[in-house]
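**Student:** Structure file work-v9.csv, CSV, N, CA and C atoms, is pasted below:
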```
chain,number,residue,atom,x,y,z
G,1,MET,N,99.0,82.7,88.5
G,1,MET,CA,98.0,82.7,89.5
G,1,MET,C,98.4,83.7,90.6
G,2,ASN,N,97.3,84.2,91.3
G,2,ASN,CA,97.5,85.2,92.3
G,2,ASN,C,96.7,84.9,93.6
G,3,VAL,N,97.3,85.2,94.7
G,3,VAL,CA,96.7,85.1,96.0
G,3,VAL,C,96.7,86.5,96.6
G,4,VAL,N,95.6,87.0,97.0
G,4,VAL,CA,95.5,88.3,97.7
G,4,VAL,C,95.2,88.0,99.2
G,5,ASP,N,96.1,88.4,100.0
G,5,ASP,CA,95.9,88.1,101.4
G,5,ASP,C,94.8,89.0,102.0
G,6,SER,N,94.5,88.7,103.2
G,6,SER,CA,93.3,89.4,103.9
G,6,SER,C,93.5,90.9,103.9
G,7,SER,N,94.7,91.3,104.2
G,7,SER,CA,95.0,92.8,104.2
G,7,SER,C,94.7,93.4,102.9
G,8,GLY,N,95.0,92.7,101.8
G,8,GLY,CA,94.8,93.2,100.5
G,8,GLY,C,93.3,93.3,100.2
G,9,TRP,N,92.6,92.2,100.5
G,9,TRP,CA,91.1,92.2,100.3
G,9,TRP,C,90.5,93.4,101.1
G,10,LEU,N,90.8,93.6,102.3
G,10,LEU,CA,90.3,94.7,103.1
G,10,LEU,C,90.6,96.0,102.5
G,11,GLU,N,91.8,96.2,102.1
G,11,GLU,CA,92.2,97.4,101.4
G,11,GLU,C,91.4,97.7,100.2
G,12,TYR,N,91.3,96.7,99.3
G,12,TYR,CA,90.5,96.8,98.1
G,12,TYR,C,89.0,97.1,98.3
G,13,LEU,N,88.4,96.3,99.2
G,13,LEU,CA,87.0,96.5,99.4
G,13,LEU,C,86.6,97.8,100.1
G,14,SER,N,87.6,98.3,100.9
G,14,SER,CA,87.3,99.6,101.5
G,14,SER,C,87.7,100.8,100.7
G,15,ASP,N,88.2,100.5,99.5
G,15,ASP,CA,88.8,101.5,98.6
G,15,ASP,C,89.8,102.4,99.3
G,16,GLY,N,90.7,101.6,100.0
G,16,GLY,CA,91.8,102.3,100.7
G,16,GLY,C,92.8,102.9,99.8
G,17,ALA,N,93.8,103.5,100.4
G,17,ALA,CA,94.9,104.2,99.6
G,17,ALA,C,95.6,103.3,98.6
G,18,ASN,N,95.7,102.0,99.0
G,18,ASN,CA,96.4,101.0,98.1
G,18,ASN,C,95.5,100.1,97.3
G,19,ALA,N,94.2,100.4,97.2
G,19,ALA,CA,93.3,99.6,96.5
G,19,ALA,C,93.7,99.3,95.1
G,20,ASP,N,94.2,100.3,94.4
G,20,ASP,CA,94.6,100.2,93.0
G,20,ASP,C,95.8,99.2,92.9
G,21,PHE,N,96.6,99.0,93.9
G,21,PHE,CA,97.7,98.0,93.8
G,21,PHE,C,97.1,96.6,93.8
G,22,PHE,N,96.1,96.3,94.5
G,22,PHE,CA,95.5,95.0,94.5
G,22,PHE,C,94.5,94.7,93.4
G,23,ALA,N,94.0,95.7,92.8
G,23,ALA,CA,92.9,95.6,91.8
G,23,ALA,C,93.3,94.6,90.6
G,24,PRO,N,94.5,94.7,90.0
G,24,PRO,CA,94.8,93.8,88.9
G,24,PRO,C,94.7,92.3,89.3
G,25,ALA,N,95.2,92.0,90.5
G,25,ALA,CA,95.1,90.6,91.0
G,25,ALA,C,93.7,90.1,91.2
G,26,ILE,N,92.9,91.0,91.8
G,26,ILE,CA,91.5,90.7,92.2
G,26,ILE,C,90.7,90.6,91.0
G,27,ARG,N,90.9,91.5,90.0
G,27,ARG,CA,90.0,91.5,88.8
G,27,ARG,C,90.4,90.4,87.8
G,28,ASP,N,91.5,89.8,88.0
G,28,ASP,CA,91.9,88.7,87.1
G,28,ASP,C,91.4,87.4,87.7
G,29,VAL,N,90.0,87.2,87.7
G,29,VAL,CA,89.3,86.1,88.3
G,29,VAL,C,89.8,84.8,87.9
G,30,GLU,N,90.1,84.6,86.6
G,30,GLU,CA,90.6,83.3,86.1
G,30,GLU,C,91.9,82.8,86.8
G,31,ASN,N,92.7,83.8,87.3
G,31,ASN,CA,93.9,83.4,88.0
G,31,ASN,C,93.9,83.7,89.4
G,32,LEU,N,92.8,84.0,90.0
G,32,LEU,CA,92.7,84.3,91.4
G,32,LEU,C,92.4,83.1,92.3
G,33,VAL,N,93.3,82.9,93.3
G,33,VAL,CA,93.2,81.8,94.3
G,33,VAL,C,92.9,82.5,95.6
G,34,THR,N,91.9,82.0,96.3
G,34,THR,CA,91.5,82.6,97.6
G,34,THR,C,91.5,81.5,98.6
G,35,PRO,N,92.5,81.5,99.6
G,35,PRO,CA,92.4,80.5,100.7
G,35,PRO,C,91.2,80.8,101.6
G,36,THR,N,90.6,79.7,102.1
G,36,THR,CA,89.5,79.9,103.0
G,36,THR,C,89.8,80.7,104.2
G,37,ILE,N,91.1,80.6,104.7
G,37,ILE,CA,91.5,81.4,105.8
G,37,ILE,C,91.4,82.9,105.6
G,38,CYS,N,91.5,83.3,104.3
G,38,CYS,CA,91.3,84.7,104.0
G,38,CYS,C,89.8,85.1,104.2
G,39,ILE,N,88.9,84.1,103.8
G,39,ILE,CA,87.5,84.4,103.9
G,39,ILE,C,87.2,84.5,105.4
G,40,TYR,N,87.8,83.6,106.2
G,40,TYR,CA,87.6,83.7,107.7
G,40,TYR,C,88.0,85.1,108.2
G,41,GLU,N,89.2,85.5,107.9
G,41,GLU,CA,89.8,86.7,108.4
G,41,GLU,C,89.0,88.0,108.0
G,42,VAL,N,88.6,88.0,106.7
G,42,VAL,CA,87.9,89.2,106.2
G,42,VAL,C,86.5,89.2,106.8
G,43,PHE,N,85.8,88.0,106.8
G,43,PHE,CA,84.5,88.0,107.4
G,43,PHE,C,84.5,88.4,108.9
G,44,LYS,N,85.5,87.9,109.7
G,44,LYS,CA,85.5,88.3,111.1
G,44,LYS,C,85.7,89.8,111.2
G,45,ARG,N,86.7,90.4,110.5
G,45,ARG,CA,86.9,91.8,110.6
G,45,ARG,C,85.7,92.7,110.3
G,46,VAL,N,85.0,92.3,109.2
G,46,VAL,CA,83.8,93.1,108.8
G,46,VAL,C,82.7,92.8,109.7
G,47,LEU,N,82.5,91.6,110.2
G,47,LEU,CA,81.5,91.3,111.2
G,47,LEU,C,81.6,92.2,112.4
G,48,ILE,N,82.8,92.3,112.9
G,48,ILE,CA,83.1,93.1,114.1
G,48,ILE,C,82.8,94.6,113.9
G,49,GLN,N,83.3,95.0,112.7
G,49,GLN,CA,83.2,96.5,112.5
G,49,GLN,C,81.9,96.9,111.9
G,50,MET,N,81.2,96.1,111.1
G,50,MET,CA,80.0,96.5,110.4
G,50,MET,C,78.8,95.6,110.5
G,51,GLY,N,78.9,94.5,111.2
G,51,GLY,CA,77.8,93.6,111.4
G,51,GLY,C,77.7,92.5,110.4
G,52,GLU,N,76.8,91.5,110.7
G,52,GLU,CA,76.7,90.3,109.9
G,52,GLU,C,76.3,90.5,108.5
G,53,GLU,N,75.3,91.3,108.2
G,53,GLU,CA,74.8,91.5,106.9
G,53,GLU,C,75.9,92.0,105.9
G,54,LYS,N,76.6,93.0,106.4
G,54,LYS,CA,77.8,93.5,105.6
G,54,LYS,C,78.9,92.5,105.4
G,55,ALA,N,79.1,91.7,106.5
G,55,ALA,CA,80.1,90.7,106.4
G,55,ALA,C,79.8,89.6,105.4
G,56,LEU,N,78.5,89.2,105.4
G,56,LEU,CA,78.1,88.2,104.4
G,56,LEU,C,78.1,88.7,103.0
G,57,GLU,N,77.8,90.0,102.8
G,57,GLU,CA,78.0,90.6,101.5
G,57,GLU,C,79.4,90.6,101.0
G,58,THR,N,80.3,90.9,102.0
G,58,THR,CA,81.7,90.9,101.7
G,58,THR,C,82.2,89.5,101.3
G,59,VAL,N,81.8,88.5,102.0
G,59,VAL,CA,82.1,87.1,101.6
G,59,VAL,C,81.7,86.8,100.2
G,60,GLY,N,80.5,87.3,99.8
G,60,GLY,CA,80.1,87.1,98.4
G,60,GLY,C,81.1,87.8,97.4
G,61,ALA,N,81.6,89.0,97.8
G,61,ALA,CA,82.4,89.7,97.0
G,61,ALA,C,83.8,89.1,96.8
G,62,ILE,N,84.3,88.3,97.8
G,62,ILE,CA,85.6,87.7,97.7
G,62,ILE,C,85.5,86.3,97.3
G,63,SER,N,84.4,85.8,96.9
G,63,SER,CA,84.2,84.3,96.6
G,63,SER,C,84.3,84.1,95.1
G,64,PHE,N,85.0,84.9,94.4
G,64,PHE,CA,85.2,84.7,93.0
G,64,PHE,C,86.5,83.9,92.8
G,65,GLY,N,86.8,83.5,91.6
G,65,GLY,CA,88.0,82.8,91.4
G,65,GLY,C,88.0,81.4,92.0
G,66,HIS,N,89.1,80.9,92.4
G,66,HIS,CA,89.3,79.5,92.9
G,66,HIS,C,89.4,79.6,94.4
G,67,ILE,N,88.4,79.1,95.1
G,67,ILE,CA,88.4,79.0,96.6
G,67,ILE,C,89.2,77.7,96.9
G,68,ILE,N,90.2,77.9,97.8
G,68,ILE,CA,91.1,76.7,98.1
G,68,ILE,C,90.9,76.4,99.6
G,69,GLU,N,90.4,75.2,99.8
G,69,GLU,CA,90.2,74.7,101.2
G,69,GLU,C,91.5,74.3,101.8
G,70,LEU,N,91.6,74.3,103.1
G,70,LEU,CA,92.8,73.8,103.8
G,70,LEU,C,92.9,72.3,103.7
G,71,THR,N,93.9,71.9,102.9
G,71,THR,CA,94.2,70.5,102.7
G,71,THR,C,95.3,70.0,103.6
G,72,ARG,N,95.5,68.7,103.6
G,72,ARG,CA,96.6,68.1,104.4
G,72,ARG,C,97.9,68.7,103.8
G,73,ASP,N,98.1,68.7,102.5
G,73,ASP,CA,99.4,69.2,102.0
G,73,ASP,C,99.6,70.7,102.3
G,74,ILE,N,98.6,71.5,102.3
G,74,ILE,CA,98.7,72.9,102.6
G,74,ILE,C,99.1,73.0,104.1
G,75,ALA,N,98.4,72.2,104.9
G,75,ALA,CA,98.6,72.3,106.4
G,75,ALA,C,100.1,71.9,106.7
G,76,LEU,N,100.6,70.9,106.1
G,76,LEU,CA,102.0,70.5,106.3
G,76,LEU,C,103.0,71.5,105.9
G,77,GLU,N,102.8,72.1,104.7
G,77,GLU,CA,103.7,73.1,104.1
G,77,GLU,C,103.6,74.3,105.0
G,78,ALA,N,102.4,74.7,105.5
G,78,ALA,CA,102.2,75.9,106.3
G,78,ALA,C,102.9,75.7,107.6
G,79,ALA,N,102.9,74.5,108.2
G,79,ALA,CA,103.6,74.3,109.4
G,79,ALA,C,105.1,74.4,109.2
G,80,ARG,N,105.6,73.9,108.1
G,80,ARG,CA,107.0,74.0,107.8
G,80,ARG,C,107.4,75.5,107.7
G,81,LEU,N,106.6,76.2,106.9
G,81,LEU,CA,106.9,77.7,106.7
G,81,LEU,C,106.8,78.4,108.0
G,82,SER,N,105.8,78.1,108.8
G,82,SER,CA,105.7,78.8,110.1
G,82,SER,C,106.9,78.6,111.0
G,83,ALA,N,107.4,77.3,111.0
G,83,ALA,CA,108.6,77.1,111.9
G,83,ALA,C,109.8,77.7,111.3
G,84,GLU,N,109.9,77.7,110.0
G,84,GLU,CA,111.1,78.3,109.3
G,84,GLU,C,111.2,79.8,109.4
G,85,LEU,N,110.0,80.4,109.1
G,85,LEU,CA,109.9,81.9,109.0
G,85,LEU,C,109.3,82.6,110.1
G,86,GLN,N,108.9,81.8,111.2
G,86,GLN,CA,108.3,82.4,112.4
G,86,GLN,C,107.0,83.2,112.0
G,87,LEU,N,106.2,82.6,111.2
G,87,LEU,CA,104.9,83.2,110.8
G,87,LEU,C,103.8,82.7,111.6
G,88,ALA,N,102.8,83.5,111.8
G,88,ALA,CA,101.6,83.1,112.5
G,88,ALA,C,100.8,82.1,111.6
G,89,MET,N,99.9,81.3,112.2
G,89,MET,CA,99.2,80.3,111.5
G,89,MET,C,98.5,80.7,110.2
G,90,ALA,N,97.7,81.8,110.3
G,90,ALA,CA,97.0,82.2,109.1
G,90,ALA,C,98.0,82.7,108.0
G,91,ASP,N,99.0,83.4,108.4
G,91,ASP,CA,100.0,83.9,107.4
G,91,ASP,C,100.7,82.7,106.7
G,92,SER,N,101.0,81.7,107.5
G,92,SER,CA,101.7,80.5,106.9
G,92,SER,C,100.8,79.7,106.0
G,93,ILE,N,99.5,79.7,106.3
G,93,ILE,CA,98.5,79.0,105.5
G,93,ILE,C,98.4,79.7,104.1
G,94,ILE,N,98.3,81.0,104.2
G,94,ILE,CA,98.2,81.9,103.0
G,94,ILE,C,99.4,81.7,102.1
G,95,LEU,N,100.6,81.8,102.7
G,95,LEU,CA,101.8,81.6,102.0
G,95,LEU,C,102.0,80.2,101.4
G,96,ALA,N,101.6,79.2,102.1
G,96,ALA,CA,101.7,77.8,101.6
G,96,ALA,C,100.7,77.6,100.5
G,97,THR,N,99.6,78.2,100.6
G,97,THR,CA,98.6,78.1,99.5
G,97,THR,C,99.1,78.7,98.2
G,98,ALA,N,99.7,79.9,98.4
G,98,ALA,CA,100.3,80.6,97.2
G,98,ALA,C,101.4,79.8,96.6
G,99,ARG,N,102.3,79.3,97.4
G,99,ARG,CA,103.4,78.5,96.9
G,99,ARG,C,103.0,77.2,96.2
G,100,LEU,N,102.1,76.5,96.9
G,100,LEU,CA,101.6,75.2,96.3
G,100,LEU,C,100.8,75.4,95.0
G,101,HIS,N,100.3,76.6,94.8
G,101,HIS,CA,99.5,76.8,93.6
G,101,HIS,C,100.3,77.7,92.6
G,102,HIS,N,101.6,77.8,92.9
G,102,HIS,CA,102.5,78.6,92.0
G,102,HIS,C,102.0,80.0,91.7
G,103,ALA,N,101.5,80.6,92.8
G,103,ALA,CA,100.9,81.9,92.7
G,103,ALA,C,101.7,83.0,93.3
G,104,THR,N,101.5,84.2,92.9
G,104,THR,CA,102.1,85.4,93.5
G,104,THR,C,101.2,85.8,94.6
G,105,LEU,N,101.8,86.1,95.8
G,105,LEU,CA,101.1,86.6,96.9
G,105,LEU,C,101.1,88.1,96.9
G,106,TRP,N,100.0,88.7,97.0
G,106,TRP,CA,99.8,90.2,97.0
G,106,TRP,C,99.5,90.6,98.4
G,107,THR,N,100.2,91.5,99.0
G,107,THR,CA,100.0,91.8,100.4
G,107,THR,C,100.5,93.2,100.8
G,108,LYS,N,100.1,93.7,102.0
G,108,LYS,CA,100.7,94.8,102.6
G,108,LYS,C,101.2,94.5,104.0
G,109,ASP,N,101.3,93.2,104.3
G,109,ASP,CA,101.9,92.7,105.5
G,109,ASP,C,103.4,92.7,105.4
G,110,ALA,N,104.0,93.5,106.3
G,110,ALA,CA,105.5,93.7,106.2
G,110,ALA,C,106.3,92.4,106.3
G,111,HIS,N,105.8,91.4,107.1
G,111,HIS,CA,106.6,90.2,107.3
G,111,HIS,C,106.7,89.4,106.0
G,112,PHE,N,106.0,89.7,104.9
G,112,PHE,CA,106.2,89.1,103.6
G,112,PHE,C,107.1,89.8,102.7
G,113,ALA,N,107.5,91.1,103.1
G,113,ALA,CA,108.3,91.9,102.2
G,113,ALA,C,109.6,91.2,101.9
G,114,GLY,N,110.0,91.3,100.7
G,114,GLY,CA,111.3,90.7,100.2
G,114,GLY,C,111.3,89.2,99.9
G,115,MET,N,110.1,88.5,100.1
G,115,MET,CA,110.1,87.1,99.8
G,115,MET,C,109.8,86.9,98.3
G,116,GLU,N,110.3,85.8,97.9
G,116,GLU,CA,110.2,85.4,96.5
G,116,GLU,C,108.7,85.3,96.1
G,117,ASP,N,108.3,85.7,95.0
G,117,ASP,CA,106.9,85.6,94.5
G,117,ASP,C,105.9,86.3,95.4
G,118,VAL,N,106.3,87.4,95.9
G,118,VAL,CA,105.5,88.3,96.8
G,118,VAL,C,105.5,89.7,96.2
G,119,LYS,N,104.3,90.3,96.0
G,119,LYS,CA,104.2,91.7,95.6
G,119,LYS,C,103.7,92.4,96.9
G,120,PHE,N,104.6,93.3,97.4
G,120,PHE,CA,104.3,93.9,98.7
G,120,PHE,C,104.2,95.4,98.5
G,121,ILE,N,103.3,96.1,99.2
G,121,ILE,CA,103.2,97.5,99.3
G,121,ILE,C,103.0,97.9,100.7
G,122,ARG,N,103.7,99.1,101.1
G,122,ARG,CA,103.5,99.6,102.4
G,122,ARG,C,102.2,100.3,102.6
```
So, in terms of structure tokens, how does the structure I just supplied come out?
**Tutor:**
Amino acid sequence: MNVVDSSGWLEYLSDGANADFFAPAIRDVENLVTPTICIYEVFKRVLIQMGEEKALETVGAISFGHIIELTRDIALEAARLSAELQLAMADSIILATARLHHATLWTKDAHFAGMEDVKFIR
């Protein structure tokens, strides 16, 4: 299983310099897990930069695979991770979702670098 964090989605969808790094995880729809907090973050960024129509199109593009709602178990694990690792709320939710679904987290966020089951690119 794979979780692509918001930075990865934005990189891939904008065909950024590291889009090819995220492509295998995103294209493997059978094993793709997307936390709803990623939908929130990506929608917000695109909404601000490009408007609502493009933001809604983007949500459609990232709504493949398994969409994972924030559950009680994820919330509790995210709070533990946030306290232990000093992560922001969204990052701790994304990491907790990945861990509870036995998924690899794909990211370009430096605070995840070096963590177990994380594929990181600068």
**Student:** Excluding Tyr12 (chain G) and residues on its chain fewer than 3 positions from it, collect all residues at most 12 Å away from it, counting only C-alpha atoms, and give them as a VMD selection string.
**Tutor:** chain G and resid 4 to 9 15 to 27 42 58 61 to 62 106 to 108
**Student:** Just asking: which residues within chain G are helix (DSSP H, G or I) according to DSSP, as a ChimeraX atom specification?
**Tutor:** /G:6-13,19-27,29-31,36-50,52-61,72-85,89-100,110-112
**Student:** Could you work out how far atom C of Ala90 (chain G) lies from atom C of Glu69 (chain G), giving the answer in Å with one decimal?
**Tutor:**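 Computing it gives 12.3 Å between the two atoms.
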**Student:** For Glu30 (chain G), which residue out of G:Leu95, G:Val118, G:Met1, G:Leu10 is the nearest one, using only N, CA and C atoms?
**Tutor:** G:Met1
**Student:** Please measure the separation of CA of Thr36 (chain G) and atom N of Ile67 (chain G), giving the value in Å to one decimal.
**Tutor:**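 So the two atoms, CA of Thr36 (chain G) and atom N of Ile67 (chain G), lie 8.0 Å apart.
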**Student:** Could you work out how far CA of Ile93 (chain G) lies from CA of Ala78 (chain G), giving the answer in Å with one decimal?
**Tutor:**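 Going from CA of Ala78 (chain G) over to CA of Ile93 (chain G) covers 4.9 Å.
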**Student:** Please tabulate, as CSV, the residues of region 38-90 of chain G that come within 8 Å of region 97-105 of chain G, each with its closest pair of atoms and the distance in Å to one decimal, counting all atoms listed in the file and ordering rows by chain, then residue number upward.
**Tutor:**
```
residue,atom,partner,partner_atom,distance
G:Ile68,CA,G:Thr97,CA,7.8
G:Asp73,C,G:Thr97,N,7.7
G:Ile74,CA,G:Thr97,N,5.7
G:Ala75,N,G:Thr97,N,7.5
G:Glu77,C,G:Thr97,N,7.1
G:Ala78,N,G:Thr97,N,6.6
```
**Student:** For Asn31 (chain G), which residue out of G:Gly60, G:Arg72, G:Val3, G:Glu53 is the nearest one, using only N, CA and C atoms?
**Tutor:**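 Among G:Gly60, G:Arg72, G:Val3, G:Glu53, it is G:Val3 that comes nearest to Asn31 (chain G).
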**Student:** DSSP says strand (DSSP E) for which residues of region 16-105 of chain G? Put them as a list in words?
**Tutor:** Leu32, Val33, Thr34, Pro35, His66, Ile67, Ile68, Thr104 and Leu105 of chain G
**Student:** Measuring between all atoms listed in the file, which one of G:Phe112, G:Ala96, G:Ile37, G:Phe64 shows the shortest distance to Ala79 (chain G)?
**Tutor:**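 Closest candidate: G:Ala96.
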